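Accompanying notes for the structure given below.
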Amino acid sequence: MDLTFILVVLVVVIALTFDYTNGFHDAANAIATSVSTRALTPRAALLLAAVMNLIGALLGTGVAETIGSGIIDAPTGPHGLVVVLSGLVGAIVWNLITWWRGLPSSSSHALIGGLMGAGIASLTDVHWPVILEKVVIPMVVSPLVGFGLAFALMIAVLWIFRNSAPGRTFRRFRIAQTISAGAMALGHGLQDAQKTMGVIVLALVVGGFQSTTDIPLWVKLAAALAISAGTYAGGWRIMRTLGRRVIELDPARGFVAESVAASVLYTTAFVFHAPVSTTHTITSAIMGVGATKRLSAVRWGVARSIAVAWVLTIPAAAGVAAGLYLVLSLFL
């Protein structure tokens, strides 16, 4: 059997494995706030997140095209496929490490870091201007926007409902959280499933099975189903961190955090085609609503641990991918 064909199949399988780990790693992004405020039961929240992930994955291709053609220029043939394969494995390894530690790091940046590391190790062209514009700037700006908008909107909500009965108000916000959690899960599918689609298409182009960066329907469906299955499998360790350890959330703050994070995800996907981190966005929004209580209400020690994981994600995934490529290249 042709080596190129075998490698393409292997890349597709591992890409979908990454998509699955992305689902259970990032399931907490969509549901932690709703579960922690008891707006939804854990299983109902996971089912909602899985369904909305599936729908969101089928809504666009802009982020997929950025990943598929904007990060590296992998050479055609087996050599290029090993580059892509190494990048995927680097991302999966970092996902598993941070999941085990209960740290909500970015699967998106793990994937981008993996591709960058494999590209550098293989002397492949890395598109640094695209990475600066589509990755680095959004990586810095999206959490700041999430924090600022969540803080401002929560202040407005507190003022509007300042004379309302807390019990009745919280019951209404628990109902509203069903909508905001669904919106957040839709944005997660829109962003994260597309990244896997982009990697699969990159492998098809490098392997000579496709000449354009168009996303075939089977790729969309496979990526959507993989991330949904991973989401339904759950991410309980990370859910505890986002739902309780950063700050104790009430329904109003949970609703605001989810709504702001979802709006940021939609804007970056549809307008800028930028692969931003759902993890960074929702975590910063949770900190923003928490800061309206008082700054000390946010457990900044936990936030600092999360920030360290954010900083390490790209170089750590890049290092694993580069090391794997150097090993595999010995057999080419």
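In the structure tokens, the first chain shown is A, the next is B, and so on; residue numbers restart at 1 for each chain, and ligands run from 1 in the order shown.
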
As an MDAnalysis selection string, list the residues of stretch 144-309 of chain A assigned to alpha helix (DSSP H) by DSSP on the backbone atoms of this structure. chainID A and resid 144:160 166:188 194:206 217:233 236:240 251:267 278:290 300:309

Would you give me, as a Markdown table, each residue of stretch 184-297 of chain A having an atom within 12 Å of an atom of stretch 3-9 of chain A, along with its shortest atom pair and that distance in Å to one decimal, using only C-alpha atoms and sorting by chain and residue number?
```
| residue | atom | partner | partner_atom | distance |
| --- | --- | --- | --- | --- |
| A:Val199 | CA | A:Val8 | CA | 10.9 |
| A:Ile200 | CA | A:Val8 | CA | 8.5 |
| A:Val201 | CA | A:Val8 | CA | 10.1 |
| A:Leu202 | CA | A:Val8 | CA | 9.9 |
| A:Ala203 | CA | A:Val8 | CA | 6.1 |
| A:Leu204 | CA | A:Val8 | CA | 6.7 |
| A:Val205 | CA | A:Val8 | CA | 9.7 |
| A:Val206 | CA | A:Val8 | CA | 8.7 |
| A:Gly207 | CA | A:Thr4 | CA | 6.1 |
| A:Gly208 | CA | A:Thr4 | CA | 8.7 |
| A:Phe209 | CA | A:Phe5 | CA | 8.9 |
| A:Gln210 | CA | A:Val8 | CA | 11.5 |
```

Near stretch 173-177 of chain A, within 7 Å and counting only C-alpha atoms, which residues show up once chain neighbours fewer than 5 positions away are dropped, as a VMD selection string? chain A and resid 34 39 251 to 252 255

Could you check the closest approach to A:Gly323 for each of A:Ala291, A:Val89, A:Ala110, A:Val219 and tell me which residue wins, using only C-alpha atoms? A:Val89

With only C-alpha atoms as the counted atoms, please give the residues lying no more than 9 Å from A:Val51, apart from itself and same-chain residues fewer than 6 positions off, as a VMD selection string. chain A and resid 182 185 to 186 228 232

Extract, using only C-alpha atoms, all DNA, RNA and protein residues at most 9 Å from stretch 118-128 of chain A, discarding same-chain residues fewer than 3 positions from it, and format them as a PyMOL selection string. chain A and resi 70-75+79-80+82-87+90+113-115+131-133+318-326+329

Taking 5 positions as the minimum chain separation for residues in the same chain, which residues sit within 12 Å of A:Phe161 when counting only C-alpha atoms? Answer as number ranges by chain. A: 154-156, 166-170, 172-173, 252

A:Val157 environment, 9 Å, only C-alpha atoms, sequence neighbours closer than 5 positions dropped, as a list in words: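 Counting only the stated atoms, we get Ala152, Arg162, Ala252 and Val256 of chain A.
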
Produce a file of the selected residues containing C-alpha atoms, as a CSV table (one decimal), in the first residue's frame.
```
chain,number,residue,atom,x,y,z
A,152,ALA,CA,-19.2,46.4,32.1
A,162,ARG,CA,-30.9,46.6,41.9
A,252,ALA,CA,-26.7,36.3,36.7
A,256,VAL,CA,-23.3,37.4,31.5
```

Find the residue from A:Ala257, A:Ala274, A:Ile179, A:Leu190 that sits nearest to A:Ile67; use only C-alpha atoms when measuring.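 Result for the nearest residue to A:Ile67: A:Ala274.
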
Given only C-alpha atoms as the basis, pick out the residue of A:Val271, A:Val141, A:Gln194, A:Val276 nearest to A:Leu225. A:Gln194
